[in-house]
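Source file: structure.cif. Holds: mmCIF, C-alpha atoms.
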```cif
data_work
#
loop_
_atom_site.label_atom_id
_atom_site.label_comp_id
_atom_site.auth_asym_id
_atom_site.auth_seq_id
_atom_site.Cartn_x
_atom_site.Cartn_y
_atom_site.Cartn_z
CA MET W 83 1.14 34.82 16.71
CA ASP W 84 -1.24 34.46 19.64
CA VAL W 85 1.24 34.18 22.48
CA GLN W 86 1.19 35.03 26.14
CA ASN W 87 4.15 36.17 28.22
CA ARG W 88 4.18 34.27 31.47
CA GLY W 89 7.37 35.06 33.27
CA LYS W 90 10.14 34.53 30.76
CA THR W 91 8.71 31.71 28.68
CA VAL W 92 6.71 31.62 25.46
CA SER W 93 3.29 29.95 25.73
CA ILE W 94 0.30 29.50 23.43
CA PRO W 95 -3.38 28.97 24.28
CA LEU W 96 -4.37 25.40 25.21
CA ALA W 97 -6.96 25.18 22.40
CA GLU W 98 -4.36 26.06 19.78
CA ALA W 99 -1.83 23.63 21.24
CA GLU W 100 -4.43 20.85 21.13
CA LYS W 101 -5.20 21.69 17.50
CA TYR W 102 -1.57 21.29 16.47
CA TYR W 103 -1.21 18.16 18.57
CA LEU W 104 -4.17 16.51 16.80
CA PHE W 105 -2.77 17.54 13.43
CA PHE W 106 0.61 16.10 14.39
CA ARG W 107 -1.09 12.80 15.35
CA ARG W 108 -2.96 12.78 12.04
CA CYS W 109 0.32 13.22 10.17
CA GLN W 110 1.80 10.27 12.03
CA TRP W 111 -1.28 8.14 11.40
CA LEU W 112 -1.42 8.94 7.69
CA HIS W 113 2.23 8.11 7.18
CA ASN W 114 1.98 4.84 9.08
CA GLU W 115 -1.22 3.77 7.31
CA ILE W 116 0.15 4.50 3.85
CA MET W 117 3.59 3.03 4.38
CA GLN W 118 2.49 0.31 6.87
CA LYS W 119 5.96 -0.15 8.35
CA GLU W 120 8.35 2.60 9.32
CA SER W 121 11.29 0.32 8.50
CA SER W 122 10.04 -0.54 5.01
CA SER W 123 12.62 0.45 2.42
CA LEU W 124 10.78 -0.64 -0.73
CA PHE W 125 8.76 1.96 -2.65
CA ALA W 126 7.00 1.88 -6.00
CA ALA W 127 9.53 4.32 -7.44
CA ASP W 128 12.32 1.87 -6.55
CA ILE W 129 10.90 -1.00 -8.60
CA LEU W 130 9.08 0.75 -11.45
CA THR W 131 10.68 -1.43 -14.11
CA GLU W 132 9.63 -4.64 -12.36
CA LEU W 133 6.12 -3.38 -11.61
CA LYS W 134 5.55 -2.28 -15.20
CA LYS W 135 6.11 -5.82 -16.46
CA GLN W 136 2.80 -6.71 -14.78
CA PHE W 137 3.56 -10.37 -14.18
CA ALA W 138 1.64 -9.92 -10.92
CA PHE W 139 -0.65 -7.17 -9.68
CA LEU W 140 -3.01 -6.17 -6.88
CA SER W 141 -6.29 -4.92 -8.32
CA GLY W 142 -7.94 -4.16 -4.97
CA GLY W 143 -10.33 -7.12 -5.20
CA ARG W 144 -11.19 -9.08 -2.06
CA GLY W 145 -12.29 -12.61 -1.28
CA GLN W 146 -15.53 -13.25 0.56
CA ASP W 147 -13.73 -12.98 3.91
CA GLY W 148 -11.81 -9.85 2.92
CA SER W 149 -8.64 -11.56 1.72
CA PRO W 150 -6.64 -9.36 -0.71
CA ILE W 151 -6.30 -10.94 -4.15
CA ILE W 152 -3.02 -11.01 -6.05
CA ILE W 153 -3.40 -11.92 -9.73
CA PHE W 154 -0.77 -13.53 -11.92
CA PRO W 155 -2.10 -12.89 -15.44
CA GLU W 156 -1.03 -14.60 -18.65
CA PHE W 157 2.70 -13.94 -18.91
CA PRO W 158 4.55 -16.23 -21.38
CA SER W 159 8.01 -15.19 -20.17
CA PHE W 160 7.28 -15.61 -16.46
CA CYS W 161 10.01 -18.26 -16.13
CA GLU W 162 12.52 -15.63 -17.28
CA ILE W 163 11.73 -13.24 -14.43
CA GLU W 164 14.75 -12.88 -12.14
CA ASP W 165 14.30 -14.19 -8.61
CA GLN W 166 15.10 -10.79 -7.08
CA ASP W 167 12.56 -9.04 -9.32
CA PHE W 168 9.96 -11.65 -8.38
CA ARG W 169 10.68 -11.17 -4.67
CA ASN W 170 10.69 -7.38 -4.89
CA VAL W 171 7.30 -7.23 -6.58
CA LEU W 172 5.67 -9.73 -4.22
CA THR W 173 7.20 -8.02 -1.19
CA TYR W 174 5.82 -4.71 -2.37
CA LEU W 175 2.35 -6.01 -3.32
CA THR W 176 1.88 -7.74 0.02
CA SER W 177 2.83 -4.52 1.85
CA VAL W 178 0.12 -2.43 0.16
CA PRO W 179 -3.10 -3.66 1.88
CA SER W 180 -3.79 -2.59 5.45
CA LEU W 181 -2.23 -4.72 8.16
CA SER W 182 -5.66 -6.03 9.16
CA ALA W 183 -6.46 -7.11 5.59
CA ALA W 184 -3.06 -8.72 5.13
CA GLY W 185 -3.58 -10.55 8.41
CA VAL W 186 -6.61 -12.33 6.98
CA GLY W 187 -4.34 -13.86 4.34
CA PHE W 188 -3.89 -13.50 0.59
CA ILE W 189 -5.57 -15.34 -2.26
CA VAL W 190 -3.50 -15.86 -5.40
CA VAL W 191 -5.16 -16.29 -8.78
CA ILE W 192 -2.99 -17.70 -11.59
CA ASP W 193 -4.20 -17.49 -15.18
CA ARG W 194 -2.39 -20.03 -17.34
CA ARG W 195 -5.13 -20.89 -19.84
CA GLN W 196 -2.83 -20.24 -22.80
CA ASP W 197 0.25 -21.79 -21.24
CA ARG W 198 1.82 -25.22 -20.79
CA TRP W 199 2.01 -27.49 -17.77
CA THR W 200 5.77 -27.01 -17.39
CA CYS W 201 5.35 -23.25 -17.06
CA LEU W 202 2.41 -23.66 -14.71
CA LYS W 203 4.42 -26.02 -12.52
CA GLY W 204 7.30 -23.55 -12.42
CA THR W 205 4.94 -20.75 -11.34
CA LEU W 206 3.43 -22.86 -8.56
CA LEU W 207 6.82 -23.97 -7.27
CA ARG W 208 8.07 -20.41 -7.27
CA ILE W 209 5.10 -19.07 -5.32
CA SER W 210 4.90 -21.96 -2.88
CA GLY W 211 8.64 -21.80 -2.32
CA TRP W 212 8.62 -18.12 -1.35
CA PHE W 213 5.67 -15.90 -0.47
CA PRO W 214 6.22 -12.93 1.89
CA GLY W 215 2.88 -13.15 3.66
CA ASN W 216 0.04 -15.34 4.83
CA LEU W 217 -1.05 -17.24 1.71
CA ARG W 218 -4.43 -18.89 2.20
CA PHE W 219 -4.74 -20.73 -1.11
CA VAL W 220 -3.99 -20.55 -4.83
CA LEU W 221 -6.64 -20.68 -7.57
CA VAL W 222 -5.30 -21.84 -10.94
CA LEU W 223 -6.95 -21.50 -14.33
CA ARG W 224 -5.26 -24.48 -15.94
CA PRO W 225 -4.19 -24.70 -19.60
CA SER W 226 -7.17 -24.94 -21.95
CA ALA W 227 -5.53 -26.77 -24.88
CA ILE W 228 -6.63 -30.42 -24.81
CA LEU W 229 -3.14 -31.92 -24.58
CA GLN W 230 -1.85 -29.43 -22.00
CA ARG W 231 -5.04 -29.73 -20.02
CA THR W 232 -4.66 -33.51 -19.85
CA LEU W 233 -1.01 -33.22 -18.86
CA SER W 234 -1.92 -30.71 -16.17
CA ASP W 235 -4.51 -33.05 -14.67
CA VAL W 236 -2.14 -36.02 -14.64
CA PHE W 237 1.03 -34.29 -13.45
CA PHE W 238 -0.73 -32.11 -10.89
CA LYS W 239 -1.94 -35.25 -9.12
CA LEU W 240 1.59 -36.64 -9.21
CA HIS W 241 3.24 -33.45 -7.97
CA ARG W 242 0.56 -32.15 -5.61
CA ASP W 243 2.78 -32.75 -2.56
CA ASP W 244 5.54 -30.62 -4.10
CA PHE W 245 3.43 -27.52 -3.57
CA LYS W 246 3.50 -26.30 0.02
CA VAL W 247 0.25 -24.34 -0.23
CA PRO W 248 -3.35 -25.38 -0.99
CA VAL W 249 -3.82 -25.32 -4.78
CA ILE W 250 -7.22 -25.54 -6.47
CA MET W 251 -7.21 -26.32 -10.18
CA LEU W 252 -10.05 -24.73 -12.17
CA SER W 253 -11.27 -25.53 -15.68
CA SER W 254 -12.89 -22.18 -16.47
CA VAL W 255 -13.57 -18.66 -15.19
CA THR W 256 -17.06 -19.88 -14.32
CA ASP W 257 -15.43 -22.16 -11.76
CA LEU W 258 -13.38 -19.20 -10.55
CA HIS W 259 -16.54 -17.18 -9.95
CA SER W 260 -17.71 -19.82 -7.48
CA TYR W 261 -14.78 -18.82 -5.26
CA ILE W 262 -14.56 -15.09 -5.94
CA GLU W 263 -17.39 -12.73 -6.88
CA ARG W 264 -17.23 -11.23 -10.36
CA SER W 265 -17.26 -7.72 -8.88
CA GLN W 266 -13.90 -8.50 -7.27
CA LEU W 267 -12.24 -9.74 -10.48
CA THR W 268 -10.82 -7.82 -13.42
CA GLN W 269 -12.34 -7.90 -16.88
CA GLU W 270 -9.66 -10.30 -18.15
CA LEU W 271 -11.16 -12.86 -15.78
CA ASP W 272 -14.71 -12.08 -16.89
CA GLY W 273 -15.14 -9.85 -13.86
CA SER W 274 -16.67 -6.40 -13.68
CA GLN W 275 -13.80 -4.61 -11.94
CA TYR W 276 -12.00 -2.00 -14.03
CA TYR W 277 -8.25 -1.98 -13.54
CA CYS W 278 -5.47 -0.03 -15.29
CA HIS W 279 -2.01 -1.09 -14.19
CA MET W 280 -0.21 2.12 -15.23
CA THR W 281 -2.78 4.22 -13.39
CA TRP W 282 -2.31 2.06 -10.29
CA ILE W 283 1.46 2.58 -10.40
CA SER W 284 1.01 6.34 -10.82
CA LEU W 285 -1.42 6.53 -7.89
CA ARG W 286 0.86 4.47 -5.67
CA THR W 287 3.82 6.72 -6.48
CA ASP W 288 1.79 9.85 -5.75
CA LEU W 289 0.48 8.39 -2.52
CA GLU W 290 3.94 7.49 -1.28
CA ASN W 291 5.23 10.96 -2.15
CA PHE W 292 2.32 12.34 -0.13
CA ALA W 293 3.26 10.09 2.80
CA ALA W 294 6.81 11.43 2.68
CA SER W 295 5.47 15.01 2.79
CA VAL W 296 3.28 14.14 5.76
CA LYS W 297 6.27 12.67 7.59
CA ARG W 298 8.34 15.79 6.98
CA MET W 299 5.45 17.94 8.24
CA ALA W 300 5.15 15.87 11.42
CA GLN W 301 8.87 16.25 12.05
CA ARG W 302 8.67 20.03 11.57
CA LEU W 303 5.73 20.24 14.00
CA GLN W 304 7.69 18.27 16.55
CA VAL W 305 10.69 20.59 16.25
CA PHE W 306 8.48 23.70 16.40
CA GLY W 307 6.73 22.44 19.53
CA ARG W 308 10.05 21.73 21.20
CA GLU W 309 11.30 25.23 20.34
CA LEU W 310 8.20 26.80 21.90
CA ALA W 311 8.56 24.72 25.04
CA GLU W 312 12.23 25.47 25.51
CA THR W 313 12.45 29.12 24.42
CA GLU W 314 12.96 31.76 27.12
CA LEU W 315 12.06 35.38 26.47
CA PRO W 316 15.05 37.75 26.70
CA ASN W 317 14.90 40.89 28.84
CA ASN W 318 15.45 43.17 25.83
CA LEU W 319 12.11 44.30 24.31
CA LEU W 320 13.41 44.50 20.72
CA THR W 321 15.00 41.05 20.90
CA THR W 322 11.80 39.64 22.38
CA ARG W 323 9.71 41.17 19.58
CA ASN W 324 12.08 39.73 16.94
CA LEU W 325 11.89 36.31 18.58
CA LEU W 326 8.09 36.35 18.62
CA ASN W 327 8.01 37.52 14.99
CA ALA W 328 10.28 34.62 14.02
CA HIS W 329 7.95 32.18 15.79
CA ALA W 330 4.96 33.80 14.08
CA SER W 331 6.64 33.39 10.69
CA LYS W 332 7.31 29.70 11.38
CA LYS W 333 3.73 29.24 12.51
CA ASP W 334 2.39 30.85 9.31
CA SER W 335 4.62 28.57 7.25
CA LEU W 336 3.33 25.52 9.12
CA LYS W 337 -0.26 26.71 8.67
CA LEU W 338 0.29 26.91 4.91
CA GLU W 339 1.73 23.39 4.81
CA LYS W 340 -1.12 22.20 7.03
CA THR W 341 -3.65 23.59 4.53
CA VAL W 342 -1.92 21.78 1.67
CA ILE W 343 -1.91 18.52 3.60
CA ASP W 344 -5.57 19.00 4.62
CA ILE W 345 -6.49 19.29 0.94
CA SER W 346 -4.36 16.28 0.00
CA PHE W 347 -5.84 14.34 2.91
CA PHE W 348 -9.33 14.60 1.48
CA HIS W 349 -8.06 13.89 -2.02
CA THR W 350 -6.87 10.49 -0.78
CA GLN W 351 -10.44 9.27 -1.26
CA TRP W 352 -9.00 7.54 -4.34
CA SER W 353 -6.65 5.54 -2.15
CA ASP W 354 -9.25 2.74 -2.10
CA GLN W 355 -8.48 2.22 -5.79
CA VAL W 356 -4.90 1.24 -4.98
CA GLY W 357 -5.64 -1.20 -2.18
CA THR W 358 -4.75 1.04 0.76
CA ALA W 359 -6.66 1.54 3.98
CA GLU W 360 -9.84 3.62 3.94
CA VAL W 361 -9.69 7.33 4.73
CA VAL W 362 -11.16 8.24 8.12
CA THR W 363 -12.43 11.48 9.57
CA ASP W 364 -10.36 14.01 11.53
CA ASP W 365 -11.80 12.77 14.82
CA GLU W 366 -11.02 9.15 14.03
CA ALA W 367 -7.48 10.03 13.05
CA GLY W 368 -7.05 11.97 16.27
CA ASP W 369 -8.07 8.96 18.34
CA VAL W 370 -5.48 6.68 16.75
#
```
What is this structure when it is put down as structure tokens?
Amino acid sequence: MDVQNRGKTVSIPLAEAEKYYLFFRRCQWLHNEIMQKESSSLFAADILTELKKQFAFLSGGRGQDGSPIIIFPEFPSFCEIEDQDFRNVLTYLTSVPSLSAAGVGFIVVIDRRQDRWTCLKGTLLRISGWFPGNLRFVLVLRPSAILQRTLSDVFFKLHRDDFKVPVIMLSSVTDLHSYIERSQLTQELDGSQYYCHMTWISLRTDLENFAASVKRMAQRLQVFGRELAETELPNNLLTTRNLLNAHASKKDSLKLEKTVIDISFFHTQWSDQVGTAEVVTDDEAGDV
């Protein structure tokens, strides 16, 4: 360990201290960017069963103004989803995009082409009654069967005021493409975006585990820095040597963990696929 004995305190070179300080700041930034809110208690691993049902998902697509898109695909048993499961999934999905993207507001796309008006109405009432974020508007692919389509047109006009959010009824995916570019829609909506829900869940789980590791590393760095600042060298030479060796061992351990996190940091290039914030350079992270 590169230490200097100044009086009776342990000190390290300024350049090395700055290096660890920047790494500590990067750890804090990464954790906050991935998890968004320190107080958030909802993780993908906590709601795996609900997420796997895929009654709603976040593919990473964006509206023309950068609004994150949440898609409610065809799901015949949507009315049977428990309220708490519905709220957990929406709470989690709206927490995934960066705070700046979420601030723009969400766009919801509902695909009910194979469904009935009663189910569509229930979906709209549920979303308009409770949405844990800024909801800009809802795009609905209405039922395509002639009878259900007619009922949807008639009853939507009658019940429009029941929905507390702007709702736009669409007759086809071609109409949908006039609001959202095909590149930002999944293949089920005649878009060109590839999306695999199970892969998304796996990536989110890995990313959150990584964030937890980063947080632990930041805490260890903080404790190590405090120990260095507060440690006084004893008068006994052997005791002093043992103390410095112990600090050197801790430093080597932290260096190893730092290397692992450095590698993982660059591997988070795939985080764009799961709707998280973009990865920035070391310098950018240090300026946060």
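For the set W:Leu271, W:Val191, W:Val186, W:Leu130, the residue with the smallest atom-to-atom gap to Val171 (chain W) is W:Leu130, counting only C-alpha atoms.
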Inset, instruction - Can you pull out every residue within 6 Å of region 145-149 of chain W, counting only C-alpha atoms, but drop anything in the same chain fewer than 2 positions away, and send it as a VMD selection string? - result: chain W and resid 186 to 188 262
Please dump the current selection as a short mmCIF file (atom, residue, chain, number, x, y, z; two decimals), in the coordinates of the input; keep C-alpha atoms.
```cif
data_model
loop_
_atom_site.label_atom_id
_atom_site.label_comp_id
_atom_site.auth_asym_id
_atom_site.auth_seq_id
_atom_site.Cartn_x
_atom_site.Cartn_y
_atom_site.Cartn_z
CA VAL W 186 -6.61 -12.33 6.98
CA GLY W 187 -4.34 -13.86 4.34
CA PHE W 188 -3.89 -13.50 0.59
CA ILE W 262 -14.56 -15.09 -5.94
#
```
Legend entry - Residue nearest Ile228 (chain W) among W:Asp197, W:Pro214, W:Gln166, W:Leu207 (counting all atoms listed in the file):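 Closest to Ile228 (chain W) of all the choices is W:Asp197.
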Legend entry - Residue with smallest distance to Val220 (chain W) - pool W:Tyr276, W:Phe160, W:Phe292, W:Phe154, counting all atoms listed in the file: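 Looking only at the distances to Val220 (chain W), the closest residue turns out to be W:Phe154.
Across the model, the gap from CA of Gly215 (chain W) to CA of Lys239 (chain W) is 26.0 Å.
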Hits of the PyMOL selection byres ((chain W and resi 183) around 12) in this structure, as a PDB file with C-alpha atoms, in the frame of the given file:
```
ATOM      1  CA  GLN W 118       2.490   0.310   6.870  1.00  0.00           C
ATOM      2  CA  GLY W 142      -7.940  -4.160  -4.970  1.00  0.00           C
ATOM      3  CA  GLY W 143     -10.330  -7.120  -5.200  1.00  0.00           C
ATOM      4  CA  ARG W 144     -11.190  -9.080  -2.060  1.00  0.00           C
ATOM      5  CA  GLY W 145     -12.290 -12.610  -1.280  1.00  0.00           C
ATOM      6  CA  ASP W 147     -13.730 -12.980   3.910  1.00  0.00           C
ATOM      7  CA  GLY W 148     -11.810  -9.850   2.920  1.00  0.00           C
ATOM      8  CA  SER W 149      -8.640 -11.560   1.720  1.00  0.00           C
ATOM      9  CA  PRO W 150      -6.640  -9.360  -0.710  1.00  0.00           C
ATOM     10  CA  ILE W 151      -6.300 -10.940  -4.150  1.00  0.00           C
ATOM     11  CA  THR W 176       1.880  -7.740   0.020  1.00  0.00           C
ATOM     12  CA  SER W 177       2.830  -4.520   1.850  1.00  0.00           C
ATOM     13  CA  VAL W 178       0.120  -2.430   0.160  1.00  0.00           C
ATOM     14  CA  PRO W 179      -3.100  -3.660   1.880  1.00  0.00           C
ATOM     15  CA  SER W 180      -3.790  -2.590   5.450  1.00  0.00           C
ATOM     16  CA  LEU W 181      -2.230  -4.720   8.160  1.00  0.00           C
ATOM     17  CA  SER W 182      -5.660  -6.030   9.160  1.00  0.00           C
ATOM     18  CA  ALA W 184      -3.060  -8.720   5.130  1.00  0.00           C
ATOM     19  CA  GLY W 185      -3.580 -10.550   8.410  1.00  0.00           C
ATOM     20  CA  VAL W 186      -6.610 -12.330   6.980  1.00  0.00           C
ATOM     21  CA  GLY W 187      -4.340 -13.860   4.340  1.00  0.00           C
ATOM     22  CA  PHE W 188      -3.890 -13.500   0.590  1.00  0.00           C
ATOM     23  CA  ILE W 189      -5.570 -15.340  -2.260  1.00  0.00           C
ATOM     24  CA  GLY W 215       2.880 -13.150   3.660  1.00  0.00           C
ATOM     25  CA  ASN W 216       0.040 -15.340   4.830  1.00  0.00           C
ATOM     26  CA  GLY W 357      -5.640  -1.200  -2.180  1.00  0.00           C
ATOM     27  CA  THR W 358      -4.750   1.040   0.760  1.00  0.00           C
ATOM     28  CA  ALA W 359      -6.660   1.540   3.980  1.00  0.00           C
ATOM     29  CA  GLU W 360      -9.840   3.620   3.940  1.00  0.00           C
TER      30      GLU W 360
END
```
